[in-house]
$ cat structure_1.csv   # CSV, C-alpha atoms and all ligand atoms
chain,number,residue,atom,x,y,z
A,5,ALA,CA,14.7,-36.4,-9.1
A,6,ARG,CA,13.0,-34.1,-6.6
A,7,ARG,CA,9.6,-35.5,-5.7
A,8,HIS,CA,6.6,-33.7,-4.3
A,9,ARG,CA,3.5,-35.5,-3.1
A,10,ILE,CA,0.3,-33.7,-4.0
A,11,ALA,CA,-3.2,-34.5,-2.9
A,12,VAL,CA,-5.7,-33.4,-5.6
A,13,ILE,CA,-9.3,-32.6,-4.7
A,14,PRO,CA,-11.3,-31.2,-7.7
A,15,GLY,CA,-14.4,-30.9,-5.6
A,16,ASP,CA,-17.6,-29.5,-7.1
A,17,GLY,CA,-18.8,-27.7,-10.2
A,18,ILE,CA,-16.1,-25.9,-12.2
A,19,GLY,CA,-13.4,-27.4,-9.8
A,20,LYS,CA,-13.8,-30.5,-12.0
A,21,GLU,CA,-12.9,-28.4,-15.1
A,22,THR,CA,-10.2,-26.2,-13.7
A,23,VAL,CA,-8.2,-28.8,-11.8
A,24,PRO,CA,-7.4,-30.9,-14.9
A,25,GLU,CA,-6.0,-27.8,-16.6
A,26,GLY,CA,-4.0,-26.9,-13.5
A,27,LEU,CA,-2.5,-30.5,-13.6
A,28,ARG,CA,-1.8,-30.2,-17.3
A,29,VAL,CA,0.3,-27.1,-16.7
A,30,LEU,CA,2.0,-28.5,-13.5
A,31,ASP,CA,2.9,-31.6,-15.5
A,32,ALA,CA,4.5,-29.5,-18.2
A,33,ALA,CA,6.4,-27.6,-15.6
A,34,ALA,CA,7.6,-30.8,-13.9
A,35,ARG,CA,8.9,-32.2,-17.2
A,36,ARG,CA,10.7,-29.1,-18.1
A,37,PHE,CA,12.3,-28.4,-14.7
A,38,GLY,CA,13.1,-32.0,-13.8
A,39,PHE,CA,11.0,-32.8,-10.8
A,40,GLU,CA,8.2,-35.4,-10.2
A,41,LEU,CA,4.7,-34.9,-8.9
A,42,ASP,CA,3.3,-37.8,-7.0
A,43,LEU,CA,-0.4,-37.3,-7.3
A,44,ALA,CA,-3.1,-38.8,-5.0
A,45,HIS,CA,-6.6,-38.1,-6.3
A,46,TYR,CA,-9.6,-37.7,-4.0
A,47,ASP,CA,-13.1,-37.3,-5.4
A,48,TRP,CA,-14.5,-35.7,-2.3
A,49,SER,CA,-17.4,-33.5,-3.1
A,50,CYS,CA,-21.1,-32.8,-2.6
A,51,GLU,CA,-21.7,-36.0,-4.6
A,52,THR,CA,-19.7,-38.0,-1.9
A,53,TYR,CA,-21.9,-36.3,0.6
A,54,ALA,CA,-25.1,-37.5,-1.2
A,55,GLN,CA,-23.8,-41.1,-1.2
A,56,THR,CA,-22.2,-41.3,2.2
A,57,GLY,CA,-23.4,-38.4,4.4
A,58,ARG,CA,-19.9,-37.1,4.6
A,59,MET,CA,-17.9,-34.7,2.5
A,60,MET,CA,-14.7,-36.8,3.1
A,61,PRO,CA,-14.1,-40.2,4.7
A,62,GLU,CA,-13.5,-40.3,8.5
A,63,ASP,CA,-9.7,-40.6,7.9
A,64,GLY,CA,-9.7,-37.9,5.2
A,65,LEU,CA,-7.5,-35.5,7.0
A,66,ASP,CA,-5.0,-38.2,7.9
A,67,ARG,CA,-4.7,-39.1,4.2
A,68,LEU,CA,-4.1,-35.5,3.3
A,69,ARG,CA,-1.5,-35.2,6.1
A,70,GLU,CA,0.8,-37.5,4.1
A,71,SER,CA,1.0,-35.0,1.2
A,72,ASP,CA,3.4,-32.1,0.8
A,73,SER,CA,0.6,-29.9,-0.6
A,74,ILE,CA,-3.0,-30.0,-1.4
A,75,PHE,CA,-4.4,-28.8,-4.8
A,76,LEU,CA,-8.1,-28.0,-4.5
A,77,GLY,CA,-10.7,-26.8,-7.0
A,78,ALA,CA,-13.9,-25.6,-5.4
A,79,VAL,CA,-16.4,-26.9,-2.9
A,80,GLY,CA,-20.1,-26.3,-2.7
A,81,TRP,CA,-23.1,-27.3,-4.8
A,82,PRO,CA,-26.8,-26.6,-4.7
A,83,GLY,CA,-28.7,-29.2,-2.7
A,84,VAL,CA,-26.1,-29.4,0.1
A,85,PRO,CA,-26.2,-26.4,2.4
A,86,ASP,CA,-23.0,-24.4,2.0
A,87,HIS,CA,-22.2,-24.5,5.7
A,88,VAL,CA,-22.4,-28.3,5.6
A,89,SER,CA,-20.2,-28.8,2.5
A,90,LEU,CA,-17.6,-26.1,3.3
A,91,TRP,CA,-17.4,-27.1,7.0
A,92,GLY,CA,-17.1,-30.7,6.0
A,93,LEU,CA,-14.1,-30.2,3.7
A,94,LEU,CA,-12.5,-26.8,3.0
A,95,ILE,CA,-12.6,-25.2,6.4
A,96,PRO,CA,-11.4,-28.2,8.4
A,97,ILE,CA,-8.4,-28.5,6.1
A,98,ARG,CA,-7.5,-24.8,6.7
A,99,ARG,CA,-7.9,-25.1,10.4
A,100,VAL,CA,-6.5,-28.6,11.2
A,101,PHE,CA,-3.4,-27.9,9.1
A,102,ASP,CA,-3.1,-24.5,10.7
A,103,GLN,CA,-3.0,-22.7,7.3
A,104,TYR,CA,-3.3,-19.4,9.1
A,105,VAL,CA,-2.2,-17.3,6.1
A,106,ASN,CA,-4.4,-17.0,3.1
A,107,LEU,CA,-2.3,-15.2,0.5
A,108,ARG,CA,-4.2,-13.7,-2.4
A,109,PRO,CA,-2.4,-11.7,-5.1
A,110,CYS,CA,-4.4,-9.1,-7.1
A,111,ARG,CA,-2.8,-7.9,-10.2
A,112,LEU,CA,-4.0,-6.3,-13.4
A,113,LEU,CA,-2.1,-8.3,-15.9
A,114,PRO,CA,-1.1,-6.6,-19.1
A,115,GLY,CA,-3.8,-7.4,-21.7
A,116,ALA,CA,-6.5,-8.0,-19.2
A,117,ARG,CA,-9.4,-5.5,-19.1
A,118,THR,CA,-10.2,-3.7,-15.9
A,119,PRO,CA,-13.7,-2.2,-15.4
A,120,LEU,CA,-11.8,0.8,-14.0
A,121,ALA,CA,-11.1,3.4,-16.7
A,122,ASP,CA,-7.4,4.3,-17.4
A,123,ARG,CA,-5.8,2.0,-14.9
A,124,THR,CA,-2.5,0.4,-15.9
A,125,PRO,CA,-0.9,-2.8,-14.6
A,126,ALA,CA,1.6,-0.9,-12.5
A,127,GLU,CA,-1.4,0.6,-10.6
A,128,ILE,CA,-3.1,-2.6,-9.6
A,129,ASP,CA,-0.6,-4.9,-8.0
A,130,PHE,CA,-1.1,-5.8,-4.4
A,131,TYR,CA,-1.6,-8.8,-2.0
A,132,VAL,CA,-4.5,-9.5,0.3
A,133,VAL,CA,-3.2,-11.4,3.4
A,134,ARG,CA,-6.2,-13.0,5.0
A,135,GLU,CA,-6.2,-14.5,8.5
A,136,ASN,CA,-7.5,-18.0,7.8
A,137,THR,CA,-8.1,-20.0,11.0
A,138,GLU,CA,-10.1,-17.9,13.5
A,139,GLY,CA,-11.8,-14.5,13.7
A,140,GLU,CA,-15.4,-14.3,12.4
A,141,TYR,CA,-15.2,-17.9,11.2
A,142,SER,CA,-14.8,-19.4,14.7
A,143,SER,CA,-17.2,-22.2,15.5
A,144,SER,CA,-18.2,-20.8,18.8
A,145,GLY,CA,-21.9,-19.8,19.4
A,146,GLY,CA,-25.2,-21.4,18.7
A,147,ARG,CA,-29.0,-21.3,18.9
A,148,MET,CA,-30.9,-20.9,22.1
A,149,PHE,CA,-34.6,-21.3,22.8
A,150,ALA,CA,-35.1,-22.8,19.4
A,151,GLY,CA,-38.5,-22.4,17.9
A,152,THR,CA,-39.8,-20.0,20.6
A,153,GLU,CA,-40.2,-16.2,20.6
A,154,ARG,CA,-37.1,-16.0,22.7
A,155,GLU,CA,-35.0,-17.7,20.0
A,156,PHE,CA,-31.6,-16.2,19.4
A,157,VAL,CA,-28.4,-17.1,17.7
A,158,THR,CA,-24.8,-16.0,18.4
A,159,GLN,CA,-21.6,-16.4,16.6
A,160,ASP,CA,-18.4,-15.4,18.4
A,161,ALA,CA,-15.5,-13.8,16.6
A,162,VAL,CA,-12.4,-15.2,18.3
A,163,PHE,CA,-9.2,-13.2,18.0
A,164,THR,CA,-6.3,-14.8,19.9
A,165,ARG,CA,-3.0,-12.9,20.4
A,166,VAL,CA,-1.0,-15.7,18.8
A,167,GLY,CA,-3.5,-15.8,15.9
A,168,VAL,CA,-3.5,-12.1,15.2
A,169,ASP,CA,0.2,-11.6,15.7
A,170,ARG,CA,1.3,-14.4,13.4
A,171,VAL,CA,-0.7,-13.2,10.4
A,172,LEU,CA,0.4,-9.6,11.0
A,173,LYS,CA,4.0,-10.8,11.2
A,174,TYR,CA,3.6,-12.6,7.9
A,175,ALA,CA,2.1,-9.5,6.3
A,176,PHE,CA,4.9,-7.2,7.6
A,177,ASP,CA,7.5,-9.7,6.4
A,178,LEU,CA,5.8,-9.7,3.0
A,179,ALA,CA,5.7,-5.9,2.8
A,180,MET,CA,9.5,-5.9,3.5
A,181,THR,CA,10.1,-7.9,0.3
A,182,ARG,CA,8.2,-5.4,-1.8
A,183,PRO,CA,9.7,-2.2,-3.3
A,184,ARG,CA,7.1,0.1,-1.8
A,185,LYS,CA,7.2,-1.6,1.7
A,186,LYS,CA,3.7,-0.6,2.4
A,187,LEU,CA,1.1,-2.3,4.6
A,188,THR,CA,-2.6,-1.4,5.0
A,189,SER,CA,-4.7,-2.9,7.8
A,190,ALA,CA,-8.4,-3.5,7.3
A,191,THR,CA,-10.3,-2.6,10.5
A,192,LYS,CA,-13.7,-1.6,11.7
A,193,SER,CA,-12.9,-0.4,15.1
A,194,ASN,CA,-15.6,2.3,15.0
A,195,GLY,CA,-18.4,-0.3,15.0
A,196,ILE,CA,-17.0,-3.6,16.3
A,197,THR,CA,-15.8,-2.6,19.7
A,198,PHE,CA,-13.9,-5.6,21.1
A,199,THR,CA,-12.1,-7.4,18.4
A,200,MET,CA,-11.2,-4.6,16.0
A,201,PRO,CA,-9.6,-2.2,18.6
A,202,TYR,CA,-7.6,-5.3,19.7
A,203,TRP,CA,-6.6,-5.9,16.1
A,204,ASP,CA,-5.5,-2.3,15.8
A,205,GLU,CA,-3.5,-2.5,19.1
A,206,ARG,CA,-1.6,-5.6,17.9
A,207,PHE,CA,-1.0,-4.0,14.5
A,208,ALA,CA,0.5,-0.9,16.1
A,209,GLU,CA,2.6,-3.1,18.4
A,210,MET,CA,3.9,-5.2,15.4
A,211,ALA,CA,4.6,-2.0,13.4
A,212,LYS,CA,7.2,-1.0,16.0
A,213,ARG,CA,9.3,-4.0,14.9
A,214,TYR,CA,9.2,-2.9,11.3
A,215,PRO,CA,10.3,0.8,11.2
A,216,GLU,CA,10.9,0.6,7.4
A,217,VAL,CA,7.3,-0.5,6.6
A,218,LYS,CA,4.9,2.4,5.9
A,219,THR,CA,1.6,1.6,7.5
A,220,ASP,CA,-1.9,2.9,7.3
A,221,GLN,CA,-5.4,1.6,8.1
A,222,PHE,CA,-8.9,2.0,6.9
A,223,HIS,CA,-12.3,0.9,8.1
A,224,ILE,CA,-13.5,-1.9,5.9
A,225,ASP,CA,-16.3,0.1,4.3
A,226,ILE,CA,-14.2,2.9,2.9
A,227,LEU,CA,-11.4,0.5,2.2
A,228,CYS,CA,-13.8,-1.2,-0.3
A,229,ALA,CA,-14.4,2.2,-1.9
A,230,HIS,CA,-10.7,2.9,-2.1
A,231,PHE,CA,-10.1,-0.5,-3.8
A,232,VAL,CA,-12.2,0.8,-6.7
A,233,GLN,CA,-11.2,4.4,-6.7
A,234,HIS,CA,-7.5,4.2,-5.7
A,235,PRO,CA,-6.2,0.6,-6.3
A,236,ASP,CA,-2.8,2.2,-6.7
A,237,TRP,CA,-2.6,3.0,-3.0
A,238,PHE,CA,-2.2,-0.6,-2.1
A,239,ASP,CA,0.8,-2.9,-1.8
A,240,VAL,CA,0.0,-5.4,1.0
A,241,VAL,CA,-3.4,-5.4,2.7
A,242,VAL,CA,-3.9,-7.5,5.8
A,243,GLY,CA,-7.4,-8.3,7.2
A,244,SER,CA,-9.3,-10.7,9.4
A,245,ASN,CA,-10.8,-13.8,8.0
A,246,LEU,CA,-14.1,-12.2,6.9
A,247,PHE,CA,-12.7,-8.8,5.8
A,248,GLY,CA,-9.9,-10.7,3.9
A,249,ASP,CA,-12.6,-12.8,2.2
A,250,ILE,CA,-14.5,-9.8,1.0
A,251,LEU,CA,-11.4,-7.9,-0.2
A,252,SER,CA,-10.1,-10.8,-2.1
A,253,ASP,CA,-13.2,-11.0,-4.3
A,254,LEU,CA,-13.2,-7.2,-4.8
A,255,GLY,CA,-9.5,-7.0,-5.6
A,256,PRO,CA,-9.6,-9.5,-8.5
A,257,ALA,CA,-12.8,-7.9,-9.8
A,258,VAL,CA,-11.1,-4.5,-10.1
A,259,ALA,CA,-8.2,-6.4,-11.8
A,260,GLY,CA,-10.5,-7.8,-14.4
A,261,SER,CA,-11.9,-11.2,-13.3
A,262,ILE,CA,-12.4,-13.4,-10.3
A,263,GLY,CA,-11.5,-16.2,-12.7
A,264,ILE,CA,-7.8,-15.5,-12.6
A,265,ALA,CA,-7.4,-15.0,-8.9
A,266,PRO,CA,-5.2,-17.6,-7.1
A,267,SER,CA,-4.9,-18.3,-3.4
A,268,ALA,CA,-2.4,-20.0,-1.1
A,269,ASN,CA,-3.6,-21.3,2.3
A,270,ILE,CA,-0.2,-21.4,4.0
A,271,ASN,CA,1.2,-23.0,7.1
A,272,PRO,CA,4.4,-20.9,7.0
A,273,GLU,CA,6.3,-23.2,9.4
A,274,LYS,CA,5.6,-26.1,7.0
A,275,LYS,CA,4.6,-28.3,9.9
A,276,HIS,CA,1.5,-29.2,7.9
A,277,PRO,CA,0.6,-29.3,4.2
A,278,SER,CA,-0.5,-26.1,2.7
A,279,MET,CA,-3.4,-25.9,0.3
A,280,PHE,CA,-3.6,-24.1,-3.1
A,281,GLU,CA,-7.0,-23.2,-4.7
A,282,PRO,CA,-8.5,-20.5,-6.8
A,283,VAL,CA,-10.3,-17.7,-4.9
A,284,HIS,CA,-13.6,-18.4,-6.8
A,285,GLY,CA,-16.1,-21.1,-6.0
A,286,SER,CA,-17.8,-23.9,-8.0
A,287,ALA,CA,-19.8,-21.4,-10.2
A,288,PRO,CA,-23.0,-23.5,-10.7
A,289,ASP,CA,-24.2,-21.0,-13.2
A,290,ILE,CA,-21.5,-22.0,-15.8
A,291,ALA,CA,-20.4,-25.4,-14.6
A,292,GLY,CA,-20.6,-28.2,-17.2
A,293,LYS,CA,-20.1,-25.9,-20.2
A,294,TRP,CA,-16.3,-25.9,-20.1
A,295,ILE,CA,-16.2,-22.1,-20.5
A,296,CYS,CA,-14.8,-21.2,-17.1
A,297,ASN,CA,-11.4,-19.6,-16.8
A,298,PRO,CA,-8.7,-22.0,-15.5
A,299,ILE,CA,-6.1,-19.3,-14.9
A,300,GLY,CA,-7.0,-18.9,-11.1
A,301,GLN,CA,-6.3,-22.6,-10.7
A,302,ILE,CA,-3.2,-22.6,-12.8
A,303,TRP,CA,-1.7,-19.6,-11.0
A,304,SER,CA,-2.6,-21.3,-7.7
A,305,GLY,CA,-0.4,-24.2,-9.1
A,306,ALA,CA,2.4,-21.7,-9.6
A,307,MET,CA,2.1,-20.6,-5.9
A,308,MET,CA,2.2,-24.2,-4.9
A,309,LEU,CA,5.4,-24.8,-6.8
A,310,GLU,CA,7.0,-21.8,-5.3
A,311,HIS,CA,6.0,-23.1,-1.8
A,312,LEU,CA,7.6,-26.4,-2.7
A,313,GLY,CA,10.9,-24.8,-3.6
A,314,GLU,CA,10.4,-24.9,-7.4
A,315,LYS,CA,10.7,-21.2,-7.9
A,316,ASP,CA,11.9,-21.4,-11.6
A,317,ALA,CA,8.9,-23.5,-12.5
A,318,ALA,CA,6.6,-21.2,-10.7
A,319,ASP,CA,8.0,-18.2,-12.5
A,320,ALA,CA,7.7,-20.0,-15.9
A,321,ILE,CA,4.0,-20.6,-15.3
A,322,LEU,CA,3.4,-17.0,-14.3
A,323,LYS,CA,5.3,-15.8,-17.3
A,324,ALA,CA,3.2,-18.0,-19.6
A,325,ILE,CA,0.0,-16.5,-18.1
A,326,GLU,CA,1.3,-12.9,-18.6
A,327,ASP,CA,2.4,-13.6,-22.1
A,328,LEU,CA,-0.9,-15.3,-23.1
A,329,LEU,CA,-2.9,-12.3,-22.0
A,330,ALA,CA,-0.4,-9.7,-23.3
A,331,GLU,CA,-0.1,-11.4,-26.7
A,332,GLY,CA,-3.8,-11.9,-27.2
A,333,GLY,CA,-3.8,-15.6,-26.8
A,334,PRO,CA,-7.0,-17.6,-26.1
A,335,ARG,CA,-9.2,-16.2,-23.3
A,336,THR,CA,-12.4,-17.2,-21.8
A,337,ARG,CA,-15.7,-15.2,-21.7
A,338,ASP,CA,-15.1,-13.6,-18.3
A,339,MET,CA,-12.1,-11.9,-20.0
A,340,GLY,CA,-13.9,-10.9,-23.1
A,341,GLY,CA,-12.9,-13.9,-25.3
A,342,ASN,CA,-14.7,-17.0,-26.4
A,343,ALA,CA,-12.1,-19.7,-25.8
A,344,GLY,CA,-13.0,-22.8,-23.8
A,345,THR,CA,-11.4,-23.9,-20.5
A,346,VAL,CA,-9.3,-26.6,-22.2
A,347,ASP,CA,-8.0,-24.2,-24.9
A,348,VAL,CA,-6.5,-21.9,-22.3
A,349,GLY,CA,-5.1,-24.8,-20.3
A,350,LYS,CA,-3.4,-26.3,-23.4
A,351,ALA,CA,-2.0,-23.0,-24.6
A,352,LEU,CA,-0.4,-22.4,-21.2
A,353,ALA,CA,0.9,-25.9,-20.9
A,354,GLU,CA,2.5,-25.6,-24.3
A,355,ALA,CA,4.0,-22.3,-23.4
A,356,VAL,CA,5.5,-23.7,-20.2
A,357,ALA,CA,6.9,-26.7,-22.1
A,358,ARG,CA,8.5,-24.5,-24.7
A,359,GLY,CA,9.9,-22.0,-22.3
B,1,LIG,P1,-18.5,-18.4,-7.4
B,1,LIG,O1,-17.1,-17.8,-7.3
B,1,LIG,O2,-18.6,-19.8,-7.6
B,1,LIG,O3,-19.2,-17.6,-8.7
B,1,LIG,C1,-19.4,-16.2,-8.7
B,1,LIG,C2,-19.6,-15.7,-10.1
B,1,LIG,O4,-18.3,-15.7,-10.7
B,1,LIG,C3,-20.4,-16.6,-11.0
B,1,LIG,O5,-21.1,-15.8,-11.9
B,1,LIG,C4,-19.4,-17.5,-11.7
B,1,LIG,O6,-19.8,-18.0,-13.0
B,1,LIG,C5,-18.2,-16.5,-11.9
B,1,LIG,N1,-17.0,-17.3,-11.9
B,1,LIG,C6,-16.4,-17.9,-10.8
B,1,LIG,N2,-15.3,-18.5,-11.2
B,1,LIG,C7,-15.1,-18.3,-12.5
B,1,LIG,C8,-14.2,-18.8,-13.5
B,1,LIG,N3,-13.1,-19.5,-13.1
B,1,LIG,N4,-14.4,-18.4,-14.7
B,1,LIG,C9,-15.4,-17.6,-15.1
B,1,LIG,N5,-16.3,-17.2,-14.2
B,1,LIG,C10,-16.2,-17.5,-13.0
B,1,LIG,O7,-19.3,-17.9,-6.1
B,1,LIG,P2,-20.7,-18.3,-5.6
B,1,LIG,O8,-21.7,-18.3,-6.7
B,1,LIG,O9,-21.0,-17.4,-4.5
B,1,LIG,O10,-20.5,-19.7,-5.0
B,1,LIG,C11,-20.9,-20.9,-5.6
B,1,LIG,C12,-20.6,-22.1,-4.7
B,1,LIG,O11,-19.1,-22.1,-4.5
B,1,LIG,C13,-21.2,-22.0,-3.3
B,1,LIG,O12,-21.5,-23.3,-2.9
B,1,LIG,C14,-20.1,-21.4,-2.5
B,1,LIG,O13,-20.2,-21.6,-1.1
B,1,LIG,C15,-18.9,-22.1,-3.1
B,1,LIG,N6,-17.6,-21.4,-2.9
B,1,LIG,C16,-16.5,-22.2,-2.7
B,1,LIG,C17,-15.2,-21.6,-2.6
B,1,LIG,C18,-14.1,-22.5,-2.4
B,1,LIG,O14,-14.1,-23.7,-2.6
B,1,LIG,N7,-12.9,-21.9,-2.0
B,1,LIG,C19,-15.1,-20.2,-2.8
B,1,LIG,C20,-16.2,-19.4,-3.1
B,1,LIG,C21,-17.5,-20.0,-3.1
B,2,LIG,C1,-13.2,-18.4,-0.1
B,2,LIG,C2,-14.6,-18.8,0.1
B,2,LIG,C3,-14.9,-19.6,1.4
B,2,LIG,C4,-14.5,-18.6,2.5
B,2,LIG,C5,-16.3,-20.0,1.6
B,2,LIG,C6,-16.8,-20.9,0.5
B,2,LIG,C7,-16.5,-20.7,2.9
B,2,LIG,O1,-15.5,-17.8,-0.1
B,2,LIG,O2,-12.3,-19.3,-0.1
B,2,LIG,O3,-12.9,-17.3,-0.2
B,2,LIG,O4,-15.3,-17.8,2.9
B,2,LIG,O5,-13.4,-18.7,3.0
B,3,MN,MN,-14.4,-15.9,-0.7

$ encode --input "structure_1.csv" --output "structure tokens"
Amino acid sequence: ARRHRIAVIPGDGIGKETVPEGLRVLDAAARRFGFELDLAHYDWSCETYAQTGRMMPEDGLDRLRESDSIFLGAVGWPGVPDHVSLWGLLIPIRRVFDQYVNLRPCRLLPGARTPLADRTPAEIDFYVVRENTEGEYSSSGGRMFAGTEREFVTQDAVFTRVGVDRVLKYAFDLAMTRPRKKLTSATKSNGITFTMPYWDERFAEMAKRYPEVKTDQFHIDILCAHFVQHPDWFDVVVGSNLFGDILSDLGPAVAGSIGIAPSANINPEKKHPSMFEPVHGSAPDIAGKWICNPIGQIWSGAMMLEHLGEKDAADAILKAIEDLLAEGGPRTRDMGGNAGTVDVGKALAEAVARG
């Protein structure tokens, strides 16, 4: 049988609740579609940090390198500063494995309730393509004259030609696969005078290679407004690391809940493992109650299977999610229901098994 090696990192908070449900559904898909998942479990988290002073062991990345994909829950917990926990686990994985595309679909699924009046599923169906290895998240800069009146801090945003071009190319290629063939660029070239005009320049250059793709661009501020007022304008939206981060929480919010939003941190060349995780974080406010929505994790699992070449299994999971919501199946509180995390996971696993 086909075999895929998966490194599993539940991480912190609700990651420990969503990942088992993600695995439950992946297991059902593997049985039905005849492949095997070879799981390696890693309990790396803020608890590991408390015990060892590290988020993952020194050879952590080498262990992950042996997998085909990484399935992650969420990272971050009160008590460990976020920049320590995230830069000790999530961000190094994205950067070392060159997962330079962060693909984040935003869809109003039939049966889900959007806070926007009168919007239908056909009107909210777009992707955010987020640059994932450089930009505003570069580790260049620092603190000078610490503790004195002259103290200052800098953080450089680094935009390389290779880094910008490759994520733009991915976004144009994705737009070509979509019926509307439309690509929107998130910019801020009126206020950020070096990196954003450069981004626009590279976008215009890349657009010449894709005459069939309809392009437009908006400054990030009004783009946020348009996400709320005109979500139907968008098909594929490409943005820098920070702009993509912001848009990919806003997009799912207009589509009903951050709890269903999946993400794929992709190394398109498949030289390194890619990582699949929900868009949301560890949700300390609801963790431990088993009421969180596992759909973002489960949908991320579907994106993982598609990346691994198991397209039929991926489609079956997505169809199970769509049917569950459309047919009034169990749903968690964020979607107006009162089901628990496990109820939703079990219902989806059964639906996938049944076909
Ligand atoms: P968050 O996404 O964890 O939570 C924001 C809000 O959304 C909370 O009210 C939470 O209850 C709700 N929510 C999130 N996921 C949900 C789900 N599946 N079902 C129902 N409700 C859900 O964001 P935050 O509070 O800003 O961050 C908490 C911690 O997670 C921080 O340490 C942060 O750095 C970290 N974080 C990690 C990731 C990641 O691992 N990729 C992403 C975002 C935040
Ligand atoms: C995300 C998260 C992370 C990010 C944080 C936790 C560092 O918000 O995956 O969207 O900003 O990339
Ligand atoms: Mn985010």

$ closest_atom_pairs --input "structure_1.csv" --of "chain A" --to "ligand MN 3 (chain B)" --cutoff "9 Å" --atoms "only C-alpha atoms and all ligand atoms" --output "Markdown table"
| residue | atom | partner | partner_atom | distance |
| --- | --- | --- | --- | --- |
| A:Leu246 | CA | B:MN3 | MN | 8.5 |
| A:Gly248 | CA | B:MN3 | MN | 8.3 |
| A:Asp249 | CA | B:MN3 | MN | 4.6 |
| A:Ile250 | CA | B:MN3 | MN | 6.3 |
| A:Leu251 | CA | B:MN3 | MN | 8.6 |
| A:Ser252 | CA | B:MN3 | MN | 6.8 |
| A:Asp253 | CA | B:MN3 | MN | 6.2 |
| A:Val283 | CA | B:MN3 | MN | 6.1 |
| A:His284 | CA | B:MN3 | MN | 6.6 |
| A:Gly285 | CA | B:MN3 | MN | 7.6 |

$ residues_near_ligand --input "structure_1.csv" --ligand "ligand LIG 1 (chain B)" --cutoff "6 Å" --atoms "only C-alpha atoms and all ligand atoms" --output "ChimeraX atom specification"
/A:78-81,86,262-263,283-287,289-290,296-298,338

$ closest_residue --input "structure_1.csv" --among "A:Pro215, A:Pro201, A:Pro288, A:Pro119" --to "Phe176 of chain A" --atoms "only C-alpha atoms"
A:Pro215

$ closest_residue --input "structure_1.csv" --among "A:Phe231, A:Trp91, A:Trp203, A:Phe156" --to "ligand LIG 2 (chain B)" --atoms "only C-alpha atoms and all ligand atoms"
A:Trp91

$ residues_near_point --input "structure_1.csv" --point "(1.7, -7.8, 0.3)" --cutoff "9 Å" --atoms "all atoms listed in the file" --output "PyMOL selection string"
chain A and resi 107-109+130-133+175-182+185-187+238-242

$ write_last_selection --input "structure_1.csv" --atoms "C-alpha atoms" --output "JSON list (two decimals), in the coordinates of the input"
[["chain", "number", "residue", "atom", "x", "y", "z"],
["A", 107, "LEU", "CA", -2.30, -15.20, 0.50],
["A", 108, "ARG", "CA", -4.20, -13.70, -2.40],
["A", 109, "PRO", "CA", -2.40, -11.70, -5.10],
["A", 130, "PHE", "CA", -1.10, -5.80, -4.40],
["A", 131, "TYR", "CA", -1.60, -8.80, -2.00],
["A", 132, "VAL", "CA", -4.50, -9.50, 0.30],
["A", 133, "VAL", "CA", -3.20, -11.40, 3.40],
["A", 175, "ALA", "CA", 2.10, -9.50, 6.30],
["A", 176, "PHE", "CA", 4.90, -7.20, 7.60],
["A", 177, "ASP", "CA", 7.50, -9.70, 6.40],
["A", 178, "LEU", "CA", 5.80, -9.70, 3.00],
["A", 179, "ALA", "CA", 5.70, -5.90, 2.80],
["A", 180, "MET", "CA", 9.50, -5.90, 3.50],
["A", 181, "THR", "CA", 10.10, -7.90, 0.30],
["A", 182, "ARG", "CA", 8.20, -5.40, -1.80],
["A", 185, "LYS", "CA", 7.20, -1.60, 1.70],
["A", 186, "LYS", "CA", 3.70, -0.60, 2.40],
["A", 187, "LEU", "CA", 1.10, -2.30, 4.60],
["A", 238, "PHE", "CA", -2.20, -0.60, -2.10],
["A", 239, "ASP", "CA", 0.80, -2.90, -1.80],
["A", 240, "VAL", "CA", 0.00, -5.40, 1.00],
["A", 241, "VAL", "CA", -3.40, -5.40, 2.70],
["A", 242, "VAL", "CA", -3.90, -7.50, 5.80]]

$ atom_distance --input "structure_1.csv" --atom1 "atom CA of Pro334 of chain A" --atom2 "atom CA of Glu281 of chain A"
22.1 Å

$ residues_around --input "structure_1.csv" --residues "Ser89 of chain A" --least-positions-apart "2" --cutoff "12 Å" --atoms "only C-alpha atoms" --output "PyMOL selection string"
chain A and resi 15-16+48-54+57-60+78-87+91-96+286

$ residues_around --input "structure_1.csv" --residues "Glu310 of chain A" --least-positions-apart "2" --cutoff "12 Å" --atoms "all atoms listed in the file" --output "MDAnalysis selection string"
chainID A and resid 8 30 33 73 268 270 278 280 303:308 312:322

$ build_atoms --input "structure_1.csv" --residues "segment 330-334 of chain A" --atoms "N, CA and C atoms" --output "mmCIF file, keeping the file's coordinate frame"
data_model
loop_
_atom_site.group_PDB
_atom_site.id
_atom_site.type_symbol
_atom_site.label_atom_id
_atom_site.label_comp_id
_atom_site.auth_asym_id
_atom_site.auth_seq_id
_atom_site.Cartn_x
_atom_site.Cartn_y
_atom_site.Cartn_z
ATOM 1 N N ALA A 330 -1.030 -10.848 -22.626
ATOM 2 C CA ALA A 330 -0.400 -9.700 -23.300
ATOM 3 C C ALA A 330 -0.430 -9.858 -24.806
ATOM 4 N N GLU A 331 -0.253 -11.128 -25.248
ATOM 5 C CA GLU A 331 -0.100 -11.400 -26.700
ATOM 6 C C GLU A 331 -1.425 -11.760 -27.351
ATOM 7 N N GLY A 332 -2.525 -11.590 -26.635
ATOM 8 C CA GLY A 332 -3.800 -11.900 -27.200
ATOM 9 C C GLY A 332 -4.089 -13.341 -27.482
ATOM 10 N N GLY A 333 -3.546 -14.204 -26.656
ATOM 11 C CA GLY A 333 -3.800 -15.600 -26.800
ATOM 12 C C GLY A 333 -5.257 -15.945 -26.373
ATOM 13 N N PRO A 334 -5.639 -17.249 -26.439
ATOM 14 C CA PRO A 334 -7.000 -17.600 -26.100
ATOM 15 C C PRO A 334 -7.439 -17.156 -24.739
#
